[in-house]
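Below is data39.cif, which holds mmCIF, C-alpha atoms.
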```cif
data_protein
loop_
_atom_site.label_atom_id
_atom_site.label_comp_id
_atom_site.auth_asym_id
_atom_site.auth_seq_id
_atom_site.Cartn_x
_atom_site.Cartn_y
_atom_site.Cartn_z
CA MET H 20 156.56 151.42 106.44
CA LEU H 21 158.62 150.94 109.58
CA HIS H 22 158.47 154.62 110.54
CA LYS H 23 154.66 154.35 110.59
CA LYS H 24 154.58 151.18 112.68
CA TRP H 25 157.34 151.91 115.19
CA TRP H 26 154.86 152.41 118.04
CA LYS H 27 153.32 149.00 117.41
CA LEU H 28 156.75 147.41 117.60
CA LEU H 29 157.42 149.43 120.75
CA SER H 30 154.19 148.12 122.30
CA PHE H 31 155.21 144.53 121.60
CA ILE H 32 158.70 145.04 123.02
CA LEU H 33 157.46 146.80 126.17
CA LEU H 34 154.86 144.13 126.92
CA LEU H 35 157.34 141.34 126.28
CA TYR H 36 159.69 143.12 128.67
CA THR H 37 156.91 143.54 131.24
CA CYS H 38 155.81 139.92 131.07
CA THR H 39 159.36 138.59 131.47
CA HIS H 40 161.30 141.09 133.59
CA GLY H 41 158.19 141.69 135.70
CA PHE H 42 158.50 138.14 137.04
CA LEU H 43 162.26 138.29 137.43
CA VAL H 44 162.94 141.75 138.89
CA LYS H 45 163.71 141.95 142.59
CA VAL H 46 160.70 143.29 144.51
CA PRO H 47 160.51 144.55 148.11
CA LYS H 48 159.13 142.24 150.81
CA LEU H 49 156.55 144.55 152.38
CA ASP H 50 154.92 141.91 154.61
CA ASP H 51 154.38 138.16 154.92
CA ARG H 52 151.04 138.26 153.12
CA MET H 53 152.13 140.36 150.14
CA GLN H 54 155.20 138.36 149.10
CA GLU H 55 155.36 137.67 145.35
CA SER H 56 151.77 138.83 144.72
CA ILE H 57 153.23 142.32 144.55
CA ARG H 58 154.11 141.54 140.92
CA ASN H 59 150.44 141.89 140.04
CA PHE H 60 151.10 145.61 140.40
CA PHE H 61 152.73 145.50 136.95
CA PHE H 62 149.43 144.38 135.41
CA HIS H 63 146.56 145.57 137.61
CA VAL H 64 147.52 149.24 137.92
CA PRO H 65 148.71 149.77 134.30
CA MET H 66 145.32 148.41 133.16
CA TRP H 67 143.61 151.23 135.02
CA PHE H 68 146.06 153.79 133.69
CA GLY H 69 145.42 152.54 130.16
CA MET H 70 141.67 152.64 130.76
CA MET H 71 141.77 156.27 131.87
CA ILE H 72 143.88 157.30 128.88
CA LEU H 73 141.67 155.49 126.36
CA LEU H 74 138.47 156.83 127.90
CA PHE H 75 139.92 160.34 127.85
CA VAL H 76 140.60 159.99 124.12
CA SER H 77 137.01 158.79 123.70
CA LEU H 78 135.84 161.88 125.57
CA VAL H 79 137.82 164.13 123.22
CA TYR H 80 136.22 162.55 120.15
CA SER H 81 132.74 162.85 121.66
CA ILE H 82 133.33 166.56 122.13
CA LYS H 83 134.63 166.77 118.56
CA TYR H 84 131.46 165.06 117.33
CA LEU H 85 129.23 167.59 119.10
CA ARG H 86 131.21 170.35 117.39
CA SER H 87 131.35 168.81 113.91
CA SER H 88 128.52 166.20 113.70
CA SER H 89 130.98 163.96 111.83
CA LEU H 90 130.20 160.26 112.13
CA VAL H 91 133.92 159.58 111.91
CA HIS H 92 134.39 161.22 115.31
CA ASP H 93 131.54 159.11 116.70
CA ILE H 94 133.26 155.96 115.44
CA TYR H 95 136.49 156.97 117.17
CA ALA H 96 134.67 157.80 120.40
CA GLN H 97 132.85 154.47 120.45
CA ALA H 98 135.93 152.43 119.62
CA TYR H 99 138.12 154.04 122.28
CA ALA H 100 135.33 153.70 124.85
CA ALA H 101 135.01 149.99 124.05
CA MET H 102 138.72 149.42 124.49
CA GLY H 103 138.81 151.50 127.66
CA LEU H 104 135.96 149.43 129.09
CA THR H 105 137.84 146.25 128.18
CA PHE H 106 140.87 147.47 130.11
CA GLY H 107 138.59 148.33 133.02
CA ILE H 108 137.21 144.79 133.06
CA LEU H 109 140.76 143.40 133.01
CA GLY H 110 141.59 145.77 135.87
CA ILE H 111 138.64 144.43 137.88
CA ILE H 112 139.69 140.83 137.19
CA THR H 113 143.35 141.33 138.13
CA GLY H 114 142.25 143.28 141.19
CA ALA H 115 139.91 140.47 142.25
CA LEU H 116 142.72 137.93 141.90
CA TRP H 117 144.95 140.10 144.07
CA ALA H 118 142.16 140.70 146.61
CA ASN H 119 141.59 136.95 146.89
CA TYR H 120 145.20 136.53 147.98
CA GLN H 121 145.41 139.68 150.13
CA TRP H 122 141.95 139.87 151.70
CA GLY H 123 140.78 136.25 151.49
CA SER H 124 138.06 136.84 148.90
CA PRO H 125 138.00 138.16 145.32
CA TRP H 126 135.20 140.57 146.24
CA VAL H 127 134.86 141.99 149.75
CA GLY H 128 132.61 144.95 148.97
CA ASP H 129 135.46 147.41 149.49
CA PRO H 130 134.49 151.01 148.51
CA LYS H 131 137.21 151.01 145.84
CA GLN H 132 135.90 147.77 144.33
CA ASN H 133 132.29 148.99 144.44
CA GLY H 134 133.23 152.33 142.92
CA ALA H 135 135.10 150.63 140.09
CA ALA H 136 132.12 148.36 139.42
CA ILE H 137 129.75 151.34 139.31
CA ALA H 138 132.07 153.19 136.92
CA LEU H 139 132.13 150.23 134.54
CA LEU H 140 128.36 149.78 134.74
CA ILE H 141 127.94 153.42 133.74
CA TYR H 142 130.03 152.73 130.64
CA PHE H 143 128.11 149.52 129.96
CA ALA H 144 124.99 151.70 129.86
CA TYR H 145 126.70 153.80 127.18
CA PHE H 146 126.75 150.78 124.86
CA VAL H 147 123.23 149.77 125.83
CA LEU H 148 122.13 153.28 124.82
CA ARG H 149 123.87 152.97 121.48
CA GLY H 150 122.30 149.60 120.84
CA SER H 151 118.81 150.85 121.62
CA LEU H 152 118.83 153.59 118.96
CA VAL H 153 118.48 153.08 115.22
CA ASP H 154 118.92 156.54 113.75
CA ALA H 155 122.69 157.05 113.30
CA GLU H 156 122.69 160.79 113.95
CA LYS H 157 120.50 160.59 117.03
CA LYS H 158 122.55 157.67 118.33
CA ALA H 159 125.80 159.56 117.87
CA ARG H 160 124.55 162.77 119.50
CA LEU H 161 122.98 161.15 122.56
CA SER H 162 125.96 158.83 122.94
CA ALA H 163 128.38 161.75 122.82
CA VAL H 164 126.53 163.56 125.59
CA TYR H 165 126.30 160.43 127.72
CA ASN H 166 129.99 159.63 127.11
CA ILE H 167 131.01 163.01 128.49
CA PHE H 168 128.85 162.36 131.57
CA SER H 169 130.36 158.86 131.96
CA PHE H 170 133.94 160.12 131.92
CA PHE H 171 133.38 162.72 134.60
CA MET H 172 131.62 160.13 136.75
CA LEU H 173 134.93 158.26 136.92
CA PHE H 174 136.30 160.83 139.34
CA PRO H 175 133.74 160.47 142.14
CA THR H 176 133.39 156.69 141.72
CA LEU H 177 137.11 155.88 141.50
CA TRP H 178 138.92 158.66 143.32
CA ILE H 179 136.66 160.76 145.56
CA LEU H 180 134.02 158.56 147.23
CA PRO H 181 136.42 155.67 148.14
CA ARG H 182 138.59 158.21 149.99
CA LEU H 183 135.68 159.35 152.14
CA THR H 184 135.17 156.02 153.88
CA GLU H 185 137.21 153.19 155.39
CA SER H 186 138.93 151.13 152.70
CA LEU H 187 141.33 148.21 152.54
CA HIS H 188 142.55 149.40 149.16
CA PRO H 189 145.72 151.56 149.11
CA GLY H 190 144.71 155.17 148.60
CA GLY H 191 141.46 154.85 150.52
CA GLN H 192 140.81 156.30 153.96
CA GLY H 193 142.17 154.04 156.67
CA SER H 194 144.27 152.00 154.24
CA ASP H 195 147.67 152.83 155.75
CA GLY H 196 147.75 149.75 157.92
CA ASN H 197 146.39 147.33 155.36
CA PRO H 198 148.34 145.06 153.02
CA GLY H 199 148.70 146.81 149.69
CA ILE H 200 151.02 148.89 147.63
CA ASN H 201 150.92 152.44 146.34
CA GLY H 202 153.34 154.69 144.49
CA LYS H 203 155.37 155.39 147.61
CA ASP H 204 156.04 151.68 148.11
CA MET H 205 157.57 151.16 144.66
CA SER H 206 161.28 150.44 144.66
CA ALA H 207 163.58 151.69 141.91
CA ASN H 208 163.56 148.19 140.40
CA MET H 209 159.76 148.16 140.25
CA ARG H 210 159.66 151.51 138.49
CA THR H 211 161.79 150.07 135.68
CA VAL H 212 158.91 147.68 134.95
CA PHE H 213 155.86 149.71 135.96
CA TYR H 214 156.29 152.70 133.64
CA PRO H 215 157.09 150.59 130.55
CA ALA H 216 154.03 148.49 131.42
CA VAL H 217 151.76 151.55 131.44
CA ILE H 218 153.10 152.66 128.05
CA GLY H 219 153.00 149.15 126.58
CA TRP H 220 149.42 148.36 127.62
CA THR H 221 148.20 151.76 126.48
CA LEU H 222 149.83 151.39 123.06
CA LEU H 223 148.32 147.92 122.73
CA GLY H 224 144.91 149.41 123.46
CA VAL H 225 145.42 152.07 120.80
CA TRP H 226 146.60 149.41 118.34
CA ILE H 227 143.52 147.23 118.82
CA THR H 228 141.28 150.30 118.67
CA THR H 229 142.70 151.40 115.32
CA LEU H 230 141.89 147.96 113.88
CA LYS H 231 138.33 148.22 115.17
CA ILE H 232 138.00 151.71 113.67
CA ARG H 233 139.17 150.47 110.27
CA VAL H 234 136.51 147.75 110.26
CA GLN H 235 133.77 150.21 111.20
CA MET H 236 134.88 152.72 108.59
CA ILE H 237 134.72 150.03 105.89
CA GLN H 238 131.22 149.10 107.03
CA LEU H 239 130.04 152.72 106.93
CA LYS H 240 131.43 153.11 103.42
CA LYS H 241 129.56 149.98 102.32
CA ASP H 242 126.36 151.42 103.83
CA GLY H 243 126.93 154.69 102.01
CA LEU H 244 127.15 156.76 105.20
CA LEU H 245 130.66 158.03 104.40
#
```
Please re-express this file's structure in structure tokens.
Amino acid sequence: MLHKKWWKLLSFILLLYTCTHGFLVKVPKLDDRMQESIRNFFFHVPMWFGMMILLFVSLVYSIKYLRSSSLVHDIYAQAYAAMGLTFGILGIITGALWANYQWGSPWVGDPKQNGAAIALLIYFAYFVLRGSLVDAEKKARLSAVYNIFSFFMLFPTLWILPRLTESLHPGGQGSDGNPGINGKDMSANMRTVFYPAVIGWTLLGVWITTLKIRVQMIQLKKDGLL
């Protein structure tokens, strides 16, 4: 059984490594305000990476559903979207904690923060849509179409629009002189934690999602839909 569960063990090891070495590794002192808060980079950014990966997988299964009309693909799409949204919420929370230290308030209305909130609200609407429909086939089809729309809305809300206006967040226009960190600021020591963190959080998300899928599959079998 070990050869089937190696990635789960890897997820545990990588996250244990991240949560220990991430607080011990030597980090650069970029400015007086940043100081040790830079370690939040090992949690905040990997959450967003994991979110994008999980939502992309959800997108793939939505496309598969539209091609096959298999409720199994709809289950996968919904489960991965739910986990991706969870990671997005954790990303917002860790970002707010960092912003409170860096900018003096957990929410300053920065374009990057607003864009992230809009992106998550769009995905919240995906689950509201699912909950408002009773017919399984109609629910799956409309949800698949909306899920595709939701994923492609991530690009303008997270990456394009925040770059078109002044932003405190690294990566936004006018952010060069503001406290923050981006990929160019990472030291070699930080990279030894950051990349394992991205892999570890993503694998954890997949692990939890597979458990959710199993539960839903059992329920569908009980209902006679599979």
Q: Name the residues within 12 Å of (147.8, 153.9, 116.1), counting all atoms listed in the file in the file's coordinates, and put them as a PyMOL selection string.
A: chain H and resi 23-30+95+99+221-233
Please save C-alpha atoms of the selected residues as a tab-separated table (two decimals), in the coordinates of the input.
```tsv
chain	number	residue	atom	x	y	z
H	23	LYS	CA	154.66	154.35	110.59
H	24	LYS	CA	154.58	151.18	112.68
H	25	TRP	CA	157.34	151.91	115.19
H	26	TRP	CA	154.86	152.41	118.04
H	27	LYS	CA	153.32	149.00	117.41
H	28	LEU	CA	156.75	147.41	117.60
H	29	LEU	CA	157.42	149.43	120.75
H	30	SER	CA	154.19	148.12	122.30
H	95	TYR	CA	136.49	156.97	117.17
H	99	TYR	CA	138.12	154.04	122.28
H	221	THR	CA	148.20	151.76	126.48
H	222	LEU	CA	149.83	151.39	123.06
H	223	LEU	CA	148.32	147.92	122.73
H	224	GLY	CA	144.91	149.41	123.46
H	225	VAL	CA	145.42	152.07	120.80
H	226	TRP	CA	146.60	149.41	118.34
H	227	ILE	CA	143.52	147.23	118.82
H	228	THR	CA	141.28	150.30	118.67
H	229	THR	CA	142.70	151.40	115.32
H	230	LEU	CA	141.89	147.96	113.88
H	231	LYS	CA	138.33	148.22	115.17
H	232	ILE	CA	138.00	151.71	113.67
H	233	ARG	CA	139.17	150.47	110.27
```
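Between H:Val147 and the residues H:Thr184, H:Pro130, H:Gln97, H:Ser89, the shortest atom-to-atom distance, using all atoms listed in the file, involves H:Gln97.
Close contacts of H:Leu239, defined as residues with an atom at most 12 Å away when counting all atoms listed in the file, with chain neighbours fewer than 3 positions off set aside, comprise Leu90, Val91, Asp93, Ile94, Ala155, Ile232, Arg233, Val234, Gln235, Met236, Asp242, Gly243, Leu244 and Leu245 of chain H.
What separates atom CA of H:Ser186 from atom CA of H:Asn119 is a distance of 15.6 Å.
Of the residues listed (H:Asn133, H:Ser88, H:Gln238, H:Asn208), H:Asn208 shows the shortest atom-to-atom separation from H:Arg58; distances use all atoms listed in the file.
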Which residues are near stretch 75-86 of chain H? Cut-off 9 Å, all atoms listed in the file, ignore same chain within fewer than 6 positions. Put them as a short mmCIF file (atom, residue, chain, number, x, y, z; two decimals) with C-alpha atoms, in the frame of the given file.
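Result saved to result39.cif:
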```cif
data_model
loop_
_atom_site.label_atom_id
_atom_site.label_comp_id
_atom_site.auth_asym_id
_atom_site.auth_seq_id
_atom_site.Cartn_x
_atom_site.Cartn_y
_atom_site.Cartn_z
CA HIS H 92 134.39 161.22 115.31
CA ASP H 93 131.54 159.11 116.70
CA ILE H 94 133.26 155.96 115.44
CA TYR H 95 136.49 156.97 117.17
CA ALA H 96 134.67 157.80 120.40
CA GLN H 97 132.85 154.47 120.45
CA ALA H 98 135.93 152.43 119.62
CA TYR H 99 138.12 154.04 122.28
CA ALA H 100 135.33 153.70 124.85
CA GLY H 103 138.81 151.50 127.66
CA ALA H 159 125.80 159.56 117.87
CA ARG H 160 124.55 162.77 119.50
CA SER H 162 125.96 158.83 122.94
CA ALA H 163 128.38 161.75 122.82
CA VAL H 164 126.53 163.56 125.59
CA ASN H 166 129.99 159.63 127.11
CA ILE H 167 131.01 163.01 128.49
CA SER H 169 130.36 158.86 131.96
CA PHE H 170 133.94 160.12 131.92
#
```
Q: Identify all residues satisfying the PyMOL selection byres ((chain H and resi 210) around 12) in the given file; provide them as a list in words.
A: Thr37, His40, Gly41, Val44, Lys45, Val46, Pro47, Arg58, Phe60, Phe61, Pro65, Asn201, Gly202, Lys203, Asp204, Met205, Ser206, Ala207, Asn208, Met209, Thr211, Val212, Phe213, Tyr214, Pro215, Ala216 and Val217 of chain H
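Atom CA of H:Phe171 to atom CA of H:Leu139 spans 12.6 Å [interatomic distance, one decimal].
Here atom CA of H:Tyr165 is placed at a distance of 10.1 Å from atom CA of H:Phe146.
If you measure from each of H:Glu156, H:Asp129, H:Ile137, H:Val64 to H:Ile112 using all atoms listed in the file, the closest one turns out to be H:Val64.
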